[in-house]
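**Q** My structure is stored as start-v4.cif, with mmCIF, C-alpha atoms.
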data_input
#
loop_
_atom_site.label_atom_id
_atom_site.label_comp_id
_atom_site.auth_asym_id
_atom_site.auth_seq_id
_atom_site.Cartn_x
_atom_site.Cartn_y
_atom_site.Cartn_z
CA MET U 212 -201.76 8.18 227.78
CA LEU U 213 -205.52 7.84 227.20
CA ASN U 214 -205.12 9.41 223.77
CA LEU U 215 -202.42 6.87 222.96
CA LEU U 216 -204.68 3.99 223.98
CA ASN U 217 -207.47 5.56 221.98
CA VAL U 218 -205.25 5.54 218.86
CA TRP U 219 -204.13 1.98 219.65
CA PHE U 220 -207.74 0.87 219.94
CA LYS U 221 -208.66 2.52 216.62
CA ILE U 222 -205.79 0.61 214.98
CA VAL U 223 -206.54 -2.79 216.48
CA ARG U 224 -210.29 -2.33 216.00
CA LYS U 225 -209.95 -3.50 212.41
CA ASN U 226 -208.62 -6.84 213.71
CA ILE U 227 -211.86 -7.43 215.62
CA THR U 228 -214.19 -9.23 213.24
CA TYR U 229 -217.45 -11.09 214.00
CA LYS U 230 -215.65 -14.37 213.48
CA TYR U 231 -212.88 -13.33 215.87
CA LEU U 232 -215.36 -12.15 218.48
CA SER U 233 -217.51 -15.30 218.27
CA ILE U 234 -214.48 -17.61 218.60
CA MET U 235 -213.16 -15.62 221.58
CA LEU U 236 -216.56 -15.61 223.25
CA MET U 237 -216.97 -19.34 222.74
CA VAL U 238 -213.51 -20.13 224.15
CA PHE U 239 -214.15 -17.82 227.08
CA LEU U 240 -217.54 -19.35 227.92
CA LEU U 241 -216.28 -22.91 227.58
CA SER U 242 -213.28 -22.17 229.81
CA LEU U 243 -215.51 -20.43 232.30
CA LEU U 244 -217.89 -23.37 232.39
CA THR U 245 -215.04 -25.84 232.89
CA THR U 246 -213.44 -23.84 235.72
CA TYR U 247 -216.86 -23.22 237.23
CA LEU U 248 -217.44 -26.95 237.45
CA LEU U 249 -213.88 -27.65 238.61
CA THR U 250 -214.04 -25.06 241.43
CA ASP U 251 -217.19 -26.41 243.03
CA ARG U 252 -219.33 -23.80 241.28
CA ASN U 253 -217.44 -20.80 242.66
CA ILE U 254 -218.05 -18.13 240.04
CA VAL U 255 -215.69 -15.48 241.51
CA LEU U 256 -212.80 -17.94 241.70
CA SER U 257 -213.59 -19.14 238.16
CA ILE U 258 -213.44 -15.61 236.78
CA ILE U 259 -210.15 -14.95 238.60
CA ILE U 260 -208.66 -18.21 237.25
CA ILE U 261 -209.83 -17.41 233.71
CA TYR U 262 -208.41 -13.88 233.97
CA VAL U 263 -205.03 -15.17 235.19
CA PHE U 264 -205.06 -17.84 232.48
CA ILE U 265 -205.82 -15.37 229.67
CA SER U 266 -203.25 -12.89 230.99
CA ALA U 267 -200.63 -15.64 231.11
CA ILE U 268 -201.31 -16.54 227.46
CA LEU U 269 -201.20 -12.87 226.46
CA PHE U 270 -197.92 -12.33 228.28
CA GLY U 271 -196.59 -15.43 226.53
CA ARG U 272 -197.55 -13.95 223.17
CA LEU U 273 -196.02 -10.64 224.19
CA PHE U 274 -192.83 -12.42 225.20
CA ILE U 275 -192.63 -14.07 221.76
CA PHE U 276 -193.14 -10.66 220.12
CA HIS U 277 -190.46 -9.20 222.39
CA LYS U 278 -188.06 -12.00 221.40
CA ARG U 279 -188.77 -11.36 217.73
CA LEU U 280 -187.99 -7.68 218.18
CA LEU U 281 -184.83 -8.47 220.12
CA GLU U 282 -183.59 -10.79 217.37
CA SER U 283 -183.97 -8.05 214.79
CA ASN U 284 -182.61 -5.37 217.18
CA THR U 285 -185.87 -3.51 216.71
CA TYR U 286 -186.57 -3.52 220.43
CA ASP U 287 -183.96 -0.77 220.73
CA LEU U 288 -186.32 1.53 218.87
CA ILE U 289 -189.10 0.89 221.38
CA LYS U 290 -186.68 1.60 224.22
CA LEU U 291 -186.07 5.02 222.68
CA LYS U 292 -189.72 6.03 222.69
CA PRO U 293 -190.75 8.30 225.55
CA ILE U 294 -193.14 5.68 226.97
CA HIS U 295 -192.67 2.66 229.20
CA PRO U 296 -191.17 -0.22 227.12
CA LEU U 297 -193.98 -2.59 228.22
CA LEU U 298 -196.59 -0.14 226.99
CA GLY U 299 -194.58 0.28 223.77
CA LEU U 300 -194.64 -3.49 223.28
CA LEU U 301 -198.39 -3.63 223.87
CA ILE U 302 -199.00 -0.80 221.42
CA TYR U 303 -196.92 -2.32 218.62
CA ASN U 304 -198.11 -5.88 219.27
CA GLN U 305 -201.53 -4.88 217.91
CA ASN U 306 -203.46 -7.63 219.68
CA PRO U 307 -206.97 -6.48 220.70
CA LEU U 308 -206.98 -8.97 223.59
CA ASP U 309 -204.09 -7.07 225.19
CA MET U 310 -206.88 -4.96 226.66
CA PHE U 311 -206.83 -7.53 229.48
CA ILE U 312 -203.29 -6.42 230.37
CA ILE U 313 -203.75 -2.76 229.55
CA PHE U 314 -206.69 -2.28 231.94
CA PRO U 315 -204.76 -3.20 235.10
CA ILE U 316 -201.81 -1.07 233.90
CA LEU U 317 -204.18 1.87 233.40
CA ILE U 318 -205.66 1.39 236.86
CA TYR U 319 -202.13 1.11 238.32
CA ILE U 320 -201.07 4.36 236.59
CA GLN U 321 -204.19 6.15 237.81
CA ILE U 322 -203.59 4.98 241.40
CA LYS U 323 -199.89 5.94 241.19
CA ASN U 324 -200.76 9.41 239.86
CA TYR U 325 -203.36 9.81 242.62
CA ILE U 326 -200.80 8.89 245.29
CA VAL U 327 -198.16 11.23 243.80
CA ILE U 328 -200.63 14.15 243.63
CA ASN U 329 -201.72 13.55 247.23
CA GLN U 330 -198.12 13.31 248.43
CA LYS U 331 -197.33 16.67 246.81
CA ARG U 332 -200.25 18.22 248.66
CA MET I 242 -172.41 28.17 218.91
CA ASP I 243 -173.99 25.76 221.41
CA LYS I 244 -172.68 22.26 221.84
CA ALA I 245 -175.22 19.55 221.15
CA ILE I 246 -173.09 16.48 221.82
CA ILE I 247 -170.01 16.16 224.02
CA MET I 248 -168.08 12.89 224.29
CA ASP I 249 -164.99 13.06 226.46
CA HIS I 250 -162.56 10.11 226.54
CA VAL I 251 -165.41 7.66 226.08
CA SER I 252 -164.77 3.94 226.09
CA TYR I 253 -167.42 1.30 225.58
CA ASP I 254 -166.30 -2.33 225.82
CA ASN I 255 -164.21 -3.15 222.75
CA TYR I 256 -166.33 -0.98 220.49
CA LEU I 257 -165.05 2.48 221.42
CA SER I 258 -161.71 3.34 222.93
CA ASP I 259 -160.94 6.82 224.28
CA VAL I 260 -163.21 8.64 221.85
CA SER I 261 -163.54 12.39 222.28
CA LEU I 262 -165.64 14.61 220.07
CA THR I 263 -167.84 17.68 220.19
CA ILE I 264 -170.70 18.31 217.82
CA GLN I 265 -172.31 21.74 217.65
CA LYS I 266 -176.01 22.36 217.30
CA ASP I 267 -177.10 22.41 213.64
CA GLU I 268 -174.04 20.45 212.47
CA PHE I 269 -174.45 17.69 209.89
CA VAL I 270 -171.81 15.03 210.48
CA GLY I 271 -171.01 11.78 208.72
CA ILE I 272 -169.45 8.82 210.54
CA VAL I 273 -167.60 6.37 208.34
CA GLY I 274 -165.37 3.40 209.12
CA ASP I 275 -165.46 -0.10 210.53
CA SER I 276 -168.35 -1.77 212.33
CA ASN I 277 -167.78 0.27 215.52
CA LYS I 278 -169.23 3.45 214.05
CA SER I 279 -172.79 2.48 215.01
CA SER I 280 -171.61 2.29 218.64
CA ILE I 281 -171.21 6.08 218.65
CA LEU I 282 -174.87 6.46 217.69
CA LYS I 283 -175.88 3.89 220.31
CA VAL I 284 -173.96 5.74 223.03
CA ILE I 285 -175.43 9.10 221.98
CA SER I 286 -178.97 7.74 221.86
CA GLY I 287 -178.58 6.09 225.27
CA LEU I 288 -178.89 2.48 224.13
CA SER I 289 -175.38 1.58 225.24
CA LYS I 290 -173.80 2.34 228.60
CA ILE I 291 -170.25 3.61 228.41
CA THR I 292 -167.58 1.90 230.50
CA SER I 293 -165.59 5.10 231.11
CA GLY I 294 -165.60 8.76 230.11
CA PHE I 295 -168.32 11.37 229.91
CA VAL I 296 -171.21 11.87 227.51
CA SER I 297 -173.62 14.75 227.42
CA VAL I 298 -176.28 15.21 224.77
CA LEU I 299 -178.23 18.48 224.89
CA GLY I 300 -177.21 18.65 228.55
CA TYR I 301 -178.71 15.24 229.36
CA ASP I 302 -177.09 11.95 230.31
CA PRO I 303 -178.39 9.84 227.41
CA TYR I 304 -178.26 6.52 229.27
CA LEU I 305 -180.86 7.74 231.78
CA LYS I 306 -183.29 7.99 228.86
CA SER I 307 -185.45 10.66 230.45
CA PHE I 308 -188.67 11.25 228.52
CA GLU I 309 -187.71 14.94 227.96
CA TYR I 310 -184.47 13.77 226.35
CA LEU I 311 -186.11 11.05 224.24
CA LYS I 312 -188.54 13.62 222.85
CA LYS I 313 -185.58 15.59 221.48
CA ILE I 314 -183.80 12.79 219.64
CA SER I 315 -184.63 10.34 216.90
CA LEU I 316 -182.71 7.23 215.89
CA LEU I 317 -183.46 5.48 212.64
CA MET I 318 -181.73 2.12 212.33
CA GLU I 319 -180.86 0.10 209.28
CA GLN I 320 -182.56 -3.16 210.19
CA GLU I 321 -185.94 -4.07 208.91
CA GLU I 322 -188.45 -2.73 211.34
CA ILE I 323 -190.96 -5.49 211.87
CA TYR I 324 -193.66 -3.47 213.51
CA PHE I 325 -193.21 -0.64 211.07
CA ASN I 326 -193.97 -3.00 208.22
CA GLU I 327 -197.09 -4.36 209.84
CA ILE I 328 -198.66 -1.02 210.62
CA LEU I 329 -199.99 1.35 207.97
CA PRO I 330 -197.77 4.46 207.68
CA ILE I 331 -200.65 6.76 208.64
CA ASP I 332 -201.41 4.68 211.75
CA LEU I 333 -197.73 4.72 212.64
CA LEU I 334 -197.73 8.52 212.38
CA LYS I 335 -200.80 8.69 214.62
CA ILE I 336 -199.09 6.50 217.23
CA THR I 337 -195.98 8.72 217.07
CA LYS I 338 -198.20 11.79 217.43
CA GLU I 339 -199.63 10.47 220.69
CA ILE I 340 -196.35 9.08 222.02
CA TYR I 341 -194.64 12.43 221.53
CA SER I 342 -197.72 14.43 222.59
CA ILE I 343 -197.90 16.56 219.46
CA SER I 344 -201.00 18.71 219.09
CA THR I 345 -203.23 17.93 216.10
CA ARG I 346 -202.56 21.38 214.67
CA GLU I 347 -198.77 20.95 214.90
CA PHE I 348 -199.03 17.41 213.56
CA ASN I 349 -200.97 18.51 210.47
CA LYS I 350 -198.60 21.43 209.93
CA ASN I 351 -195.51 19.21 210.20
CA ILE I 352 -196.94 16.59 207.84
CA SER I 353 -197.86 19.13 205.18
CA GLU I 354 -194.36 20.64 205.41
CA LEU I 355 -192.36 17.41 205.46
CA ILE I 356 -194.35 15.46 202.89
CA GLN I 357 -193.20 17.92 200.22
CA TYR I 358 -189.70 16.47 200.16
CA ILE I 359 -189.75 13.29 202.27
CA ASN I 360 -191.29 10.19 200.79
CA ASP I 361 -189.78 7.50 203.03
CA PRO I 362 -192.43 6.62 205.67
CA ASN I 363 -189.87 5.68 208.33
CA LEU I 364 -187.96 8.93 207.87
CA LEU I 365 -191.18 10.91 207.94
CA ASN I 366 -192.16 9.11 211.15
CA SER I 367 -188.80 9.98 212.71
CA LEU I 368 -189.09 13.65 211.85
CA ILE I 369 -192.76 14.30 212.52
CA TYR I 370 -192.02 15.56 216.03
CA LYS I 371 -189.09 17.71 214.79
CA PRO I 372 -186.31 16.20 216.92
CA GLU I 373 -183.34 18.39 217.76
CA ILE I 374 -180.95 15.51 217.03
CA LEU I 375 -181.44 13.00 214.25
CA LEU I 376 -179.28 9.86 214.22
CA LEU I 377 -179.30 7.74 211.06
CA ASP I 378 -177.65 4.35 211.18
CA HIS I 379 -176.88 3.08 207.66
CA PRO I 380 -179.81 4.80 205.98
CA ASN I 381 -181.02 2.88 202.93
CA PHE I 382 -182.81 5.83 201.37
CA ASP I 383 -181.75 8.91 199.44
CA LEU I 384 -180.04 11.45 201.72
CA GLU I 385 -181.17 14.49 199.74
CA PRO I 386 -184.42 14.88 201.80
CA VAL I 387 -182.37 14.68 205.01
CA TYR I 388 -180.09 17.41 203.68
CA ASN I 389 -183.11 19.56 202.81
CA TYR I 390 -184.55 18.98 206.28
CA HIS I 391 -181.25 20.04 207.85
CA LYS I 392 -181.10 23.15 205.70
CA LYS I 393 -184.61 24.16 206.69
CA TYR I 394 -184.69 23.31 210.40
CA ARG I 395 -180.97 23.47 211.31
CA SER I 396 -181.18 20.34 213.47
CA THR I 397 -178.12 18.30 214.45
CA ILE I 398 -177.78 15.24 212.23
CA LEU I 399 -175.37 12.31 212.45
CA ILE I 400 -175.20 9.68 209.74
CA SER I 401 -173.22 6.46 209.93
CA THR I 402 -172.54 4.82 206.60
CA ASP I 403 -170.12 2.44 204.94
CA LYS I 404 -169.59 4.42 201.76
CA ILE I 405 -168.07 7.86 201.87
CA ASP I 406 -169.53 8.55 198.42
CA ASP I 407 -172.98 8.84 200.05
CA LEU I 408 -171.82 11.85 202.02
CA VAL I 409 -170.32 13.90 199.20
CA ASN I 410 -172.22 17.21 198.80
CA ILE I 411 -174.31 16.30 201.87
CA VAL I 412 -172.05 16.76 204.91
CA ARG I 413 -169.14 19.07 205.60
CA ARG I 414 -167.62 17.19 208.51
CA VAL I 415 -166.67 13.55 208.57
CA ILE I 416 -165.46 11.33 211.40
CA LEU I 417 -163.51 8.22 210.43
CA ILE I 418 -163.49 5.32 212.88
CA ASP I 419 -160.98 2.51 212.79
CA LYS I 420 -160.46 -0.14 215.43
CA ALA I 421 -162.66 1.65 217.99
CA GLN I 422 -160.78 4.95 217.64
CA ILE I 423 -161.24 8.17 215.72
CA VAL I 424 -158.55 8.40 213.05
CA PHE I 425 -159.87 11.49 211.32
CA ASP I 426 -162.25 14.25 212.31
CA GLY I 427 -162.47 17.13 209.90
CA ALA I 428 -163.79 18.49 206.63
CA ILE I 429 -164.84 15.96 204.01
CA ASP I 430 -163.02 18.07 201.41
CA ASP I 431 -159.75 17.50 203.29
CA ILE I 432 -160.18 13.76 202.87
CA PHE I 433 -160.60 14.08 199.14
CA THR I 434 -157.77 16.55 198.67
CA LYS I 435 -155.25 14.90 201.01
CA PHE I 436 -156.07 11.24 201.48
CA ALA I 437 -158.31 10.17 198.62
CA THR I 438 -156.50 11.63 195.65
CA GLU I 439 -157.37 8.63 193.50
CA LYS I 440 -160.59 7.19 192.17
CA ILE I 441 -161.52 3.64 191.36
CA ILE I 442 -162.76 2.75 187.91
CA LYS I 443 -164.84 -0.40 188.01
CA ALA I 444 -165.22 -1.86 184.52
CA LYS I 445 -167.18 -4.89 183.38
CA LEU I 446 -165.47 -6.73 180.54
CA SER I 447 -166.94 -8.92 177.84
CA SER I 448 -163.79 -11.08 177.50
CA ASN I 449 -160.71 -12.00 179.51
CA ILE I 450 -157.70 -9.66 179.25
CA ASP I 451 -154.09 -9.50 180.31
CA THR I 452 -153.83 -7.01 183.19
CA LYS I 453 -150.45 -5.80 181.92
CA SER I 454 -152.25 -4.01 179.06
CA VAL I 455 -154.03 -1.81 181.62
CA GLU I 456 -151.00 -0.83 183.66
CA THR I 457 -150.33 2.18 181.45
CA ILE I 458 -153.74 3.60 182.40
CA GLY I 459 -153.67 2.97 186.16
CA THR I 460 -152.95 0.51 188.96
CA VAL I 461 -154.98 -2.69 188.84
CA LYS I 462 -156.42 -3.14 192.33
CA LYS I 463 -158.44 -6.27 191.70
CA TYR I 464 -159.33 -8.42 188.72
CA ILE I 465 -162.01 -11.04 189.03
CA TYR I 466 -163.43 -11.64 185.57
CA PRO I 467 -165.62 -9.95 184.35
CA TYR I 468 -164.87 -7.08 186.77
CA ILE I 469 -161.64 -5.11 186.90
CA TYR I 470 -160.89 -2.38 189.46
CA ILE I 471 -158.33 0.21 188.43
CA SER I 472 -157.05 3.00 190.63
CA VAL I 473 -156.28 6.27 188.81
CA PRO I 474 -155.43 9.82 189.97
CA LYS I 475 -158.52 12.06 190.13
CA SER I 476 -157.07 14.59 187.67
CA VAL I 477 -156.92 12.02 184.86
CA VAL I 478 -159.98 9.93 185.66
CA SER I 479 -162.04 10.97 182.61
CA PHE I 480 -159.04 10.45 180.34
CA ALA I 481 -158.40 7.00 181.85
CA ALA I 482 -162.06 6.03 181.45
CA ALA I 483 -161.96 7.05 177.77
CA GLU I 484 -158.75 5.05 177.30
CA LEU I 485 -160.32 1.98 178.87
CA ILE I 486 -163.39 2.15 176.65
CA GLN I 487 -161.21 2.53 173.56
CA ASN I 488 -158.68 -0.19 174.33
CA LEU I 489 -160.63 -2.84 176.26
CA PRO I 490 -163.84 -4.82 175.66
CA VAL I 491 -165.75 -2.80 178.28
CA THR I 492 -169.51 -3.38 178.59
CA SER I 493 -170.14 -1.06 181.55
CA LEU I 494 -168.11 1.37 183.61
CA ASP I 495 -168.47 2.90 187.06
CA ILE I 496 -166.32 5.52 188.80
CA GLU I 497 -166.18 5.33 192.60
CA GLU I 498 -164.34 6.99 195.45
CA LEU I 499 -161.60 5.00 197.20
CA PRO I 500 -162.96 2.46 199.71
CA VAL I 501 -162.97 3.71 203.30
CA GLU I 502 -160.38 1.12 204.36
CA GLU I 503 -157.90 2.56 201.84
CA ILE I 504 -158.58 6.14 202.93
CA ILE I 505 -157.97 5.10 206.55
CA LYS I 506 -154.76 3.36 205.47
CA ASN I 507 -153.62 6.54 203.68
CA ILE I 508 -154.39 8.65 206.76
CA LYS I 509 -152.39 6.27 208.98
CA ASP I 510 -149.49 6.20 206.52
CA ASN I 511 -149.44 10.01 206.50
CA ALA I 512 -149.51 10.16 210.27
#
Mind converting the file's structure to structure tokens?

**A**
Amino acid sequence: MLNLLNVWFKIVRKNITYKYLSIMLMVFLLSLLTTYLLTDRNIVLSIIIIYVFISAILFGRLFIFHKRLLESNTYDLIKLKPIHPLLGLLIYNQNPLDMFIIFPILIYIQIKNYIVINQKR
Amino acid sequence: MDKAIIMDHVSYDNYLSDVSLTIQKDEFVGIVGDSNKSSILKVISGLSKITSGFVSVLGYDPYLKSFEYLKKISLLMEQEEIYFNEILPIDLLKITKEIYSISTREFNKNISELIQYINDPNLLNSLIYKPEILLLDHPNFDLEPVYNYHKKYRSTILISTDKIDDLVNIVRRVILIDKAQIVFDGAIDDIFTKFATEKIIKAKLSSNIDTKSVETIGTVKKYIYPYIYISVPKSVVSFAAAELIQNLPVTSLDIEELPVEEIIKNIKDNA
């Protein structure tokens, strides 16, 4: 799993340019500032709102990619890979920002594995 | 010999009706016929859920899509693979390596072996983890590398295609599908000796002709200027082709096997 993400990161790394990074950083800071002011200067709430907002956009993009694959019947090929279809979508979507979604999934998998191992004991 | 695929009285919506077949390990089978032939591959791969009957592939229920099962099969479909086109072939291979948990040593060994005779990146990507069953749905590449792969690794291979010509000298066994049912399951040679005893000569003409002048050579199947399709017995095909070139204003000439629909019609007439 970690090796797969490592390969994914190596592939999407070439999409991360200085221009891309600076635009993303600017959008992020501006959004953070706006939410910070709108939430009566509550920084924790602002970060949560920004995170939910970015995740929603990323899921939207992922949904469009999913629809595109469904239209061409290519989604079937992802379903036949021995990984979770959502992870397959994230891998083939090649969007570096998907890291925002992948991190919680990784944490979820780690927690799930931990629970399973403890239950077996 | 071990059985790789067992389908027993399988029905799947209107696409398959009471289909039963057994495919042994290391068999190379061609599936030809109407549009329902891809449904067999979809049922075997686990993409489609059957409405009745029993399917077992390598002892697994394909529809459950267990990871152990998915690591043993590979399905290559005809449609343009969007993500395949956007990712460099080498990156795609690296992703496949990690998805199928292949060790670096095995990965390098497999690449160096397969690259010698496979030059299609999608096919290479499907075979890099050496699946036990390879399913090819309307492959648009040369089948010779697939044949060589089968000869070397003895894996079970199923190919669905529209043209039976593609399978000549490649497969021994052919399954013909018509209206969701199997109408023939046997040796490809049997088809050509019993049900496809004629060949089609497709000639391109430089000027319009009267079809009556061709009737001495063979049966005119279709004539849409500039193309004429003439059916002739296999034993006299070279003679008929020579006759055509001599007597008609032919600019190009092609000899093809009978279309699948006609072979199916012949099989049904014989039955």

**Q** For U:Asn214, list every protein, DNA or RNA residue within 10 Å, evaluated using all atoms listed in the file, and leave out those in the same chain fewer than 6 positions away; present the list as an MDAnalysis selection string.

**A** (chainID U and resid 220) or (chainID I and resid 336 338:340 342)

**Q** Dump C-alpha atoms for the selected residues as a compact mmCIF listing (two decimals), in the coordinates of the input?

**A**
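Output contents, as saved in again.txt:
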# COMPACT_ATOMS: atom_id res chain seq x y z
CA PHE U 220 -207.74 0.87 219.94
CA ILE I 336 -199.09 6.50 217.23
CA LYS I 338 -198.20 11.79 217.43
CA GLU I 339 -199.63 10.47 220.69
CA ILE I 340 -196.35 9.08 222.02
CA SER I 342 -197.72 14.43 222.59

**Q** Dump as a tab-separated table the rows for residues of chain I within 10 Å of chain U: closest atom pair and distance in Å with one decimal, only C-alpha atoms counted, ordered by chain and rising residue number.

**A**
residue	atom	partner	partner_atom	distance
I:Lys283	CA	U:Asp287	CA	9.3
I:Ser286	CA	U:Leu291	CA	7.6
I:Gly287	CA	U:Leu291	CA	8.0
I:Leu288	CA	U:Asp287	CA	6.9
I:Ser289	CA	U:Asp287	CA	10.0
I:Lys306	CA	U:Leu291	CA	7.4
I:Ser307	CA	U:Pro293	CA	7.6
I:Phe308	CA	U:Pro293	CA	4.7
I:Glu309	CA	U:Pro293	CA	7.7
I:Tyr310	CA	U:Pro293	CA	8.4
I:Leu311	CA	U:Pro293	CA	5.6
I:Lys312	CA	U:Pro293	CA	6.4
I:Lys313	CA	U:Pro293	CA	9.8
I:Ile314	CA	U:Leu291	CA	8.6
I:Ser315	CA	U:Leu291	CA	8.0
I:Leu316	CA	U:Leu288	CA	7.4
I:Leu317	CA	U:Leu288	CA	7.9
I:Met318	CA	U:Leu288	CA	8.0
I:Glu319	CA	U:Thr285	CA	9.7
I:Gln320	CA	U:Ser283	CA	6.9
I:Glu321	CA	U:Ser283	CA	7.4
I:Glu322	CA	U:Thr285	CA	6.0
I:Ile323	CA	U:Thr285	CA	7.3
I:Tyr324	CA	U:Tyr303	CA	6.2
I:Phe325	CA	U:Tyr303	CA	8.6
I:Glu327	CA	U:Tyr303	CA	9.0
I:Ile328	CA	U:Tyr303	CA	8.3
I:Leu329	CA	U:Ile222	CA	9.1
I:Asp332	CA	U:Ile222	CA	6.8
I:Leu333	CA	U:Tyr303	CA	9.3
I:Lys335	CA	U:Val218	CA	6.9
I:Ile336	CA	U:Val218	CA	6.4
I:Thr337	CA	U:Lys292	CA	8.8
I:Lys338	CA	U:Leu215	CA	8.5
I:Glu339	CA	U:Leu215	CA	5.1
I:Ile340	CA	U:Leu215	CA	6.5
I:Tyr341	CA	U:Pro293	CA	7.0
I:Ser342	CA	U:Leu215	CA	8.9

**Q** Given the point (-156.2, 6.3, 205.3) in the file's coordinates, find the residues that have an atom at most 10 Å from it, counting all atoms listed in the file, and give them as a list of chain:residue names.

**A** I:Leu417, I:Asp419, I:Val424, I:Phe425, I:Ile432, I:Lys435, I:Phe436, I:Ala437, I:Leu499, I:Pro500, I:Val501, I:Glu502, I:Glu503, I:Ile504, I:Ile505, I:Lys506, I:Asn507, I:Ile508, I:Lys509, I:Asp510, I:Asn511, I:Ala512

**Q** When you count all atoms listed in the file, which of these residues is closest to I:Ile369: I:Ser396, I:Asn349, I:Ser447, I:Asn381?

**A**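 Between I:Ser396, I:Asn349, I:Ser447, I:Asn381, the residue approaching I:Ile369 most closely is I:Asn349.
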
**Q** What is the atom CA of U:Ile258 to atom CA of U:Pro307 distance in Å?

**A**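 Atom CA of U:Pro307 lies 19.6 Å from atom CA of U:Ile258.
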
**Q** Using all atoms listed in the file for the distances, tell me which of I:Ala483, I:Leu334, I:Ile291, I:Leu446 is nearest to I:Ser252.

**A** I:Ile291

**Q** Could you check how far atom CA of I:Asp406 sits from atom CA of I:Lys371, in Å to one decimal?

**A**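 We find that atom CA of I:Asp406 and atom CA of I:Lys371 lie 27.1 Å from each other.
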
**Q** Which is closest to U:His277 among U:Ile312, U:Leu298, U:Leu248, U:Ile326, if we use only C-alpha atoms?

**A**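 Of the candidates, the smallest distance to U:His277 is held by U:Leu298.
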
**Q** Check what the PyMOL selection byres ((chain I and resi 299) around 8) selects in the file above and give those residues as a list in words.

**A** Lys244, Ala245, Ile246, Ser297, Val298, Gly300, Tyr301 and Tyr310 of chain I

**Q** Identify which of the residues I:Gly427, I:Pro490, I:Pro474, I:Pro372 lies closest to I:Ile450, counting only C-alpha atoms when measuring atom-to-atom distances.

**A**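 For I:Ile450, the nearest of the candidates is I:Pro490.
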
**Q** Could you tell me how far atom CA of I:Glu347 lies from atom CA of U:Ile289, in Å and to one decimal?

**A**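 The value is 23.2 Å.
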
**Q** Counting all atoms listed in the file, which residues sit no farther than 10 Å from the position (-168.0, 5.8, 223.9) in the file's frame? I'd like them as a PDB file with C-alpha atoms, keeping the file's coordinate frame.

**A**
ATOM      1  CA  MET I 248    -168.080  12.890 224.290  1.00  0.00           C
ATOM      2  CA  ASP I 249    -164.990  13.060 226.460  1.00  0.00           C
ATOM      3  CA  HIS I 250    -162.560  10.110 226.540  1.00  0.00           C
ATOM      4  CA  VAL I 251    -165.410   7.660 226.080  1.00  0.00           C
ATOM      5  CA  SER I 252    -164.770   3.940 226.090  1.00  0.00           C
ATOM      6  CA  TYR I 253    -167.420   1.300 225.580  1.00  0.00           C
ATOM      7  CA  ASP I 254    -166.300  -2.330 225.820  1.00  0.00           C
ATOM      8  CA  ASN I 255    -164.210  -3.150 222.750  1.00  0.00           C
ATOM      9  CA  TYR I 256    -166.330  -0.980 220.490  1.00  0.00           C
ATOM     10  CA  LEU I 257    -165.050   2.480 221.420  1.00  0.00           C
ATOM     11  CA  SER I 258    -161.710   3.340 222.930  1.00  0.00           C
ATOM     12  CA  ASP I 259    -160.940   6.820 224.280  1.00  0.00           C
ATOM     13  CA  VAL I 260    -163.210   8.640 221.850  1.00  0.00           C
ATOM     14  CA  SER I 261    -163.540  12.390 222.280  1.00  0.00           C
ATOM     15  CA  LEU I 262    -165.640  14.610 220.070  1.00  0.00           C
ATOM     16  CA  SER I 280    -171.610   2.290 218.640  1.00  0.00           C
ATOM     17  CA  ILE I 281    -171.210   6.080 218.650  1.00  0.00           C
ATOM     18  CA  LEU I 282    -174.870   6.460 217.690  1.00  0.00           C
ATOM     19  CA  LYS I 283    -175.880   3.890 220.310  1.00  0.00           C
ATOM     20  CA  VAL I 284    -173.960   5.740 223.030  1.00  0.00           C
ATOM     21  CA  ILE I 285    -175.430   9.100 221.980  1.00  0.00           C
ATOM     22  CA  SER I 289    -175.380   1.580 225.240  1.00  0.00           C
ATOM     23  CA  LYS I 290    -173.800   2.340 228.600  1.00  0.00           C
ATOM     24  CA  ILE I 291    -170.250   3.610 228.410  1.00  0.00           C
ATOM     25  CA  THR I 292    -167.580   1.900 230.500  1.00  0.00           C
ATOM     26  CA  SER I 293    -165.590   5.100 231.110  1.00  0.00           C
ATOM     27  CA  GLY I 294    -165.600   8.760 230.110  1.00  0.00           C
ATOM     28  CA  PHE I 295    -168.320  11.370 229.910  1.00  0.00           C
ATOM     29  CA  VAL I 296    -171.210  11.870 227.510  1.00  0.00           C
ATOM     30  CA  ALA I 421    -162.660   1.650 217.990  1.00  0.00           C
ATOM     31  CA  GLN I 422    -160.780   4.950 217.640  1.00  0.00           C
TER      32      GLN I 422
END

**Q** Please list as a PyMOL selection string every residue within 10 Å of U:Leu308, counting all atoms listed in the file and excluding residues in the same chain fewer than 3 positions away.

**A** chain U and resi 223+227+235+265-266+269+305+311-313
